[in-house]
Amino acid sequence: MLKKTRIILSLAFLVLFTLIFIGIDGFPERISRGAAYFQLVPVIISVFGAFSAAALAGFLFLIVMTLVFGRIYCSTLCPLGTFQDFFINLKKKKKKKEKFFRYAKDHKLLRNMFTVAVFGMFVFGAGFLLIIFDPFSIFGRFVSGVIKPGIEPLVRGVESAAAGFDIYDTPHIRMHPVSVFAFLFALISAAAIGITAFYKGRLFCNTLCPAGGILALISRFSFLRIRINRDACNACGKCEVVCKASCISIKEKKVDFERCIACFNCIDSCPENGIAYSPGIMLKNSAEKAEKGEKRRGIIRAAAAGIAFLLPGRRLLAEFSEGPVPRKPTLPVMPPGAGSLEKFNNLCTACHLCASACPQNVIGVTLFGYGLSGILQPKLDFSKSYCLYDCTVCTEVCPAGALLPLNTQEKRRSQIGIVHLEKKNCISYVDGEPCTVCTEHCPVKAVYSVNYKGVLAPEIKPEICIGCGACEYVCPAVPYKAIYVDGNAVHKRAGNPDGTRRRGEWYEEEKFNRPGRGRNRGSNGDVFPF
C-alpha cells in the first residue's frame with residue numbers, strides 16, 4: 001500500500017511539473033508558483049535570499065515532513081527522482097537478480113563536502129554549482145529545452161488537423177528561444193543522470209544532489225524510518241536487490257536511513273514481513289555507537305574540507321565576477337522583477353520556469369552573458385519577440401524569488417533596459433527612406449518620429465524607455481539593428497511618459513499646417529499597439 005501510494009503521488013507530481021515546464025496557454029500561474037514551493041532548493045533560496053511568507057511555509061513543510069517521514073521528498077515530490085525511477089524500472093525488465101542493486105558504501109564525505117561547497121558558494125555570491133546540480137532546475141531545463149521542442153511538431157500537427165474539423169480550442173504550447181548549447185547541456189545532463197540511475201540507482205541523489213545532501217542530514221532524526229526486524233529476517237536478500245539507494249545491508253541487517261529515499265520497495269518485496277516502516281528510536285550496540293561517532297567526525301571533516309574548498313573558489317570566482325561583464329554587444333536584459341544583476345545572479349537557479357510561462361516566448365537563455373556565476377540564466381531575446389507592456393507572468397511563477405512579483409502599474413514603469421539608436425544603420429537616416437515601424441510599436445513613445453530632411457525618421461527619449469524591446473524586435477535593418485535595448489544592471493523606474501516633451505516630434509496634424517495641435521501629448525500608457 002505504501003509503495004502504491006508513493007507511485008501514484010510521484011507520477012502525479014511528475015505530470016504536474018512536466019505540464020508546468022511545457023508551458024500550455026491558460027495553465028494557471030498560481031498552480032505553477034504554488035507547486036514550485038514544494039521544491040527544496042528553490043524555497044531555500046527564496047527564504048534566505050528574497051524572503052516570502054509562502055516560501056517559508058513551503059520550506060517548513062518540507063523540513064517537518066522529512067523529520068516525520070524521512071526522505072519521501074526524494075521519492076514523491078522531486079520530478080527528477082521519478083525521472084530516474086523510469087531508468088531504474090528499465091533495468092528491472094531484465095529480470096535478472098544479479099543485475100539489480102547491492103549494498104554500497106556510503107559516500108558521506110563526498111556528499112557532505114559537496115553540499116557545504118554548493119551552498120557555501122551560493123552564500124558568497126557564486127551560485128553556478130547550484131544552477132548546475134539543483135534537481136528541479138535540471139528537470140526544468142530538460143523539459144523546456146529538450147522535450148518541448150521535440151513535441152512541438154506533433155502539437156502543431158494536432159492543431160492543424162483539429163482546424164480541419166473547425167476545432168480551434170486545442171491546447172497551445174508556448175515556445176521560447178532555445179540555444180544549441182542550452183539544448184545540449186540539458187540533454188547531456190539528463191542523459192548522464194539517467195544512465196547513472198540505470199546502473200547505480202539513486203547514486204546522484206546521495207552524492208551530488210544539493211537537496212539530497214540537506215535531506216540526508218535531516219533524515220537522521222526522522223520519527224518514522226525503515227528498519228529490519230532481526231528476528232523475522234531470514235536474510236533472503238530480496239530487499240537489498242530492490243533498494244534503489246543501495247542502503248540496505250542484508251549481511252548486517254541494517255538500513256542506512258540517511259541514504260534511504262523511502263520508496264518502500266523493500267517492504268513490498270519482503271516475504272516474511274521482516275522489514276517495516278515504524279516509529280521509535282533504534283537501539284544500537286557498541287559497534288554501531290562507534291560507527292555513529294565516526295560518522296560525526298566525518299561530517300566535521302566534510303565541513304572543514306568544504307570550507308577549505310571555498311577559499312580558493314572565492315578567489316577564482318572573483319576573477320570572473322569582478323572583471324568586465326561579457327557583452328554581445330550589450331548587457332543582457334534581465335526579466336522584469338529581477339531588480340539587480342547581483343541579486344538575480346545570486347538567486348536564479350536557471351530552472352527556466354519563467355521562460356516556459358512567458359506568453360510572448362521572449363525569454364531565452366544566455367550561456368555566459370552574465371558571467372560564470374550566471375551560467376544558463378534567462379534573458380530577454382528581442383530577436384525572437386518582445387515583452388508585453390502589461391504582462392507580469394514571469395514575475396508570478398519564479399519559485400526562488402529571483403523575480404519578485406510586480407503588479408501592472410509597477411511593470412509599466414519598470415525600466416529593465418535602455419533604448420539606443422544607431423543612426424548609421426537606420427534606413428531613414430542612411431537611405432533617405434521613411435521608416436517609423438519602431439516608433440509605431442513603442443508603448444510609451446520613448447521612440448518617436450521626427451522630420452529628418454523631409455523624411456520621417458525615429459528619435460529616442462531614453463529616460464522614459466521601459467526596455468520592452470518592441471522597437472528592436474520590429475526593426476527591419478540588416479545585418480545590424482538600428483535600434484536596440486541595453487540591459488540595466490539595476491532595474492530603475494522609468495520617467496512618466498504622459499506629458500513628456502519630445503524634441504522635434506512630428507505629428508500627423510503637421511501635414512495640415514496645424515503645428516500647434518496635439519503637442520506634448522505623450523502616451524497614456526493604456527494602449528499597446530500590438
# chains A, B, ... in the order shown; residues from 1 in each chain; ligands from 1

call {"tool": "residues_around", "arguments": {"residues": "Ala126 in chain A", "least_positions_apart": "2", "cutoff": "7 Å", "atoms": "only C-alpha atoms", "output": "PyMOL selection string"}}
result
chain A and resi 121-122+124+128+346+373

call {"tool": "residues_around", "arguments": {"residues": "range 76-91 of chain A", "least_positions_apart": "5", "cutoff": "9 Å", "atoms": "only C-alpha atoms", "output": "number ranges by chain"}}
result
A: 6-15, 17-18, 38-40, 99-100, 135-136, 138-139, 190, 193-202, 205, 244, 263

call {"tool": "write_last_selection", "arguments": {"atoms": "C-alpha atoms", "output": "PDB file, in the first residue's frame"}}
result
ATOM      1  CA  ARG A   6       4.199   6.620  -3.420  1.00  0.00           C
ATOM      2  CA  ILE A   7       3.989   5.673  -7.115  1.00  0.00           C
ATOM      3  CA  ILE A   8       0.674   7.486  -7.589  1.00  0.00           C
ATOM      4  CA  LEU A   9       1.927  10.648  -5.888  1.00  0.00           C
ATOM      5  CA  SER A  10       5.250  10.655  -7.729  1.00  0.00           C
ATOM      6  CA  LEU A  11       3.564  10.240 -11.120  1.00  0.00           C
ATOM      7  CA  ALA A  12       1.067  12.984 -10.277  1.00  0.00           C
ATOM      8  CA  PHE A  13       3.846  15.433  -9.413  1.00  0.00           C
ATOM      9  CA  LEU A  14       5.854  14.357 -12.470  1.00  0.00           C
ATOM     10  CA  VAL A  15       2.907  15.093 -14.766  1.00  0.00           C
ATOM     11  CA  PHE A  17       5.739  19.717 -13.299  1.00  0.00           C
ATOM     12  CA  THR A  18       6.011  18.482 -16.880  1.00  0.00           C
ATOM     13  CA  PHE A  38       7.294  22.146  -2.753  1.00  0.00           C
ATOM     14  CA  GLN A  39      10.798  22.030  -4.253  1.00  0.00           C
ATOM     15  CA  LEU A  40      13.547  22.263  -1.658  1.00  0.00           C
ATOM     16  CA  LYS A  99      21.544  -7.105 -12.476  1.00  0.00           C
ATOM     17  CA  PHE A 100      19.706  -5.384  -9.643  1.00  0.00           C
ATOM     18  CA  PRO A 135      17.423  18.709  -9.371  1.00  0.00           C
ATOM     19  CA  PHE A 136      14.401  20.917 -10.020  1.00  0.00           C
ATOM     20  CA  ILE A 138      17.873  20.042 -14.205  1.00  0.00           C
ATOM     21  CA  PHE A 139      14.389  18.662 -14.779  1.00  0.00           C
ATOM     22  CA  ALA A 190      19.570  14.359 -18.135  1.00  0.00           C
ATOM     23  CA  ILE A 193      21.726  11.137 -14.632  1.00  0.00           C
ATOM     24  CA  GLY A 194      19.507   8.610 -16.413  1.00  0.00           C
ATOM     25  CA  ILE A 195      22.413   6.311 -17.292  1.00  0.00           C
ATOM     26  CA  THR A 196      23.764   6.576 -13.755  1.00  0.00           C
ATOM     27  CA  ALA A 197      20.332   5.628 -12.414  1.00  0.00           C
ATOM     28  CA  PHE A 198      20.167   2.613 -14.727  1.00  0.00           C
ATOM     29  CA  TYR A 199      23.434   1.180 -13.411  1.00  0.00           C
ATOM     30  CA  LYS A 200      23.716   2.651  -9.908  1.00  0.00           C
ATOM     31  CA  GLY A 201      20.192   3.625  -8.864  1.00  0.00           C
ATOM     32  CA  ARG A 202      19.868   6.867  -6.930  1.00  0.00           C
ATOM     33  CA  CYS A 205      20.683  11.732  -5.050  1.00  0.00           C
ATOM     34  CA  LYS A 244      17.440   1.986  -5.346  1.00  0.00           C
ATOM     35  CA  CYS A 263      10.440   4.307  -1.797  1.00  0.00           C
TER      36      CYS A 263
END

call {"tool": "closest_residue", "arguments": {"among": "A:Phe165, A:Phe142, A:Phe204, A:Phe27", "to": "His352 in chain A", "atoms": "only C-alpha atoms"}}
result
A:Phe142

call {"tool": "residues_around", "arguments": {"residues": "range 41-53 of chain A", "least_positions_apart": "6", "cutoff": "12 Å", "atoms": "only C-alpha atoms", "output": "PyMOL selection string"}}
result
chain A and resi 33-35+59-63+73+78+115+118-119+122-125+127+130-131+133-138+209-215+337-339+342-351+353+397-405

call {"tool": "decode", "arguments": {"residues": "range 346-358 of chain A", "atoms": "N, CA and C atoms", "output": "PDB file, in the first residue's frame"}}
result
ATOM      1  N   ASN A 346      22.518  35.758  -7.910  1.00  0.00           N
ATOM      2  CA  ASN A 346      22.612  35.015  -6.656  1.00  0.00           C
ATOM      3  C   ASN A 346      21.427  34.085  -6.432  1.00  0.00           C
ATOM      4  N   LEU A 347      20.237  34.472  -6.884  1.00  0.00           N
ATOM      5  CA  LEU A 347      19.029  33.720  -6.547  1.00  0.00           C
ATOM      6  C   LEU A 347      18.535  32.796  -7.652  1.00  0.00           C
ATOM      7  N   CYS A 348      18.795  33.131  -8.892  1.00  0.00           N
ATOM      8  CA  CYS A 348      18.256  32.330 -10.000  1.00  0.00           C
ATOM      9  C   CYS A 348      18.979  30.993 -10.113  1.00  0.00           C
ATOM     10  N   THR A 349      18.203  29.902 -10.182  1.00  0.00           N
ATOM     11  CA  THR A 349      18.778  28.557 -10.334  1.00  0.00           C
ATOM     12  C   THR A 349      18.696  28.063 -11.768  1.00  0.00           C
ATOM     13  N   ALA A 350      18.284  28.927 -12.681  1.00  0.00           N
ATOM     14  CA  ALA A 350      18.176  28.571 -14.104  1.00  0.00           C
ATOM     15  C   ALA A 350      17.252  27.382 -14.339  1.00  0.00           C
ATOM     16  N   CYS A 351      16.117  27.378 -13.658  1.00  0.00           N
ATOM     17  CA  CYS A 351      15.138  26.302 -13.883  1.00  0.00           C
ATOM     18  C   CYS A 351      14.335  26.550 -15.152  1.00  0.00           C
ATOM     19  N   HIS A 352      14.324  27.800 -15.647  1.00  0.00           N
ATOM     20  CA  HIS A 352      13.667  28.201 -16.891  1.00  0.00           C
ATOM     21  C   HIS A 352      12.145  28.115 -16.824  1.00  0.00           C
ATOM     22  N   LEU A 353      11.604  28.142 -15.618  1.00  0.00           N
ATOM     23  CA  LEU A 353      10.149  28.152 -15.480  1.00  0.00           C
ATOM     24  C   LEU A 353       9.564  29.448 -16.032  1.00  0.00           C
ATOM     25  N   CYS A 354      10.279  30.545 -15.863  1.00  0.00           N
ATOM     26  CA  CYS A 354       9.815  31.830 -16.396  1.00  0.00           C
ATOM     27  C   CYS A 354       9.750  31.789 -17.918  1.00  0.00           C
ATOM     28  N   ALA A 355      10.742  31.135 -18.533  1.00  0.00           N
ATOM     29  CA  ALA A 355      10.755  31.021 -19.992  1.00  0.00           C
ATOM     30  C   ALA A 355       9.581  30.191 -20.491  1.00  0.00           C
ATOM     31  N   SER A 356       9.275  29.118 -19.780  1.00  0.00           N
ATOM     32  CA  SER A 356       8.153  28.270 -20.180  1.00  0.00           C
ATOM     33  C   SER A 356       6.820  28.983 -20.019  1.00  0.00           C
ATOM     34  N   ALA A 357       6.726  29.863 -19.017  1.00  0.00           N
ATOM     35  CA  ALA A 357       5.462  30.543 -18.738  1.00  0.00           C
ATOM     36  C   ALA A 357       5.237  31.779 -19.599  1.00  0.00           C
ATOM     37  N   CYS A 358       6.290  32.316 -20.199  1.00  0.00           N
ATOM     38  CA  CYS A 358       6.188  33.578 -20.943  1.00  0.00           C
ATOM     39  C   CYS A 358       5.258  33.437 -22.152  1.00  0.00           C
TER      40      CYS A 358
END
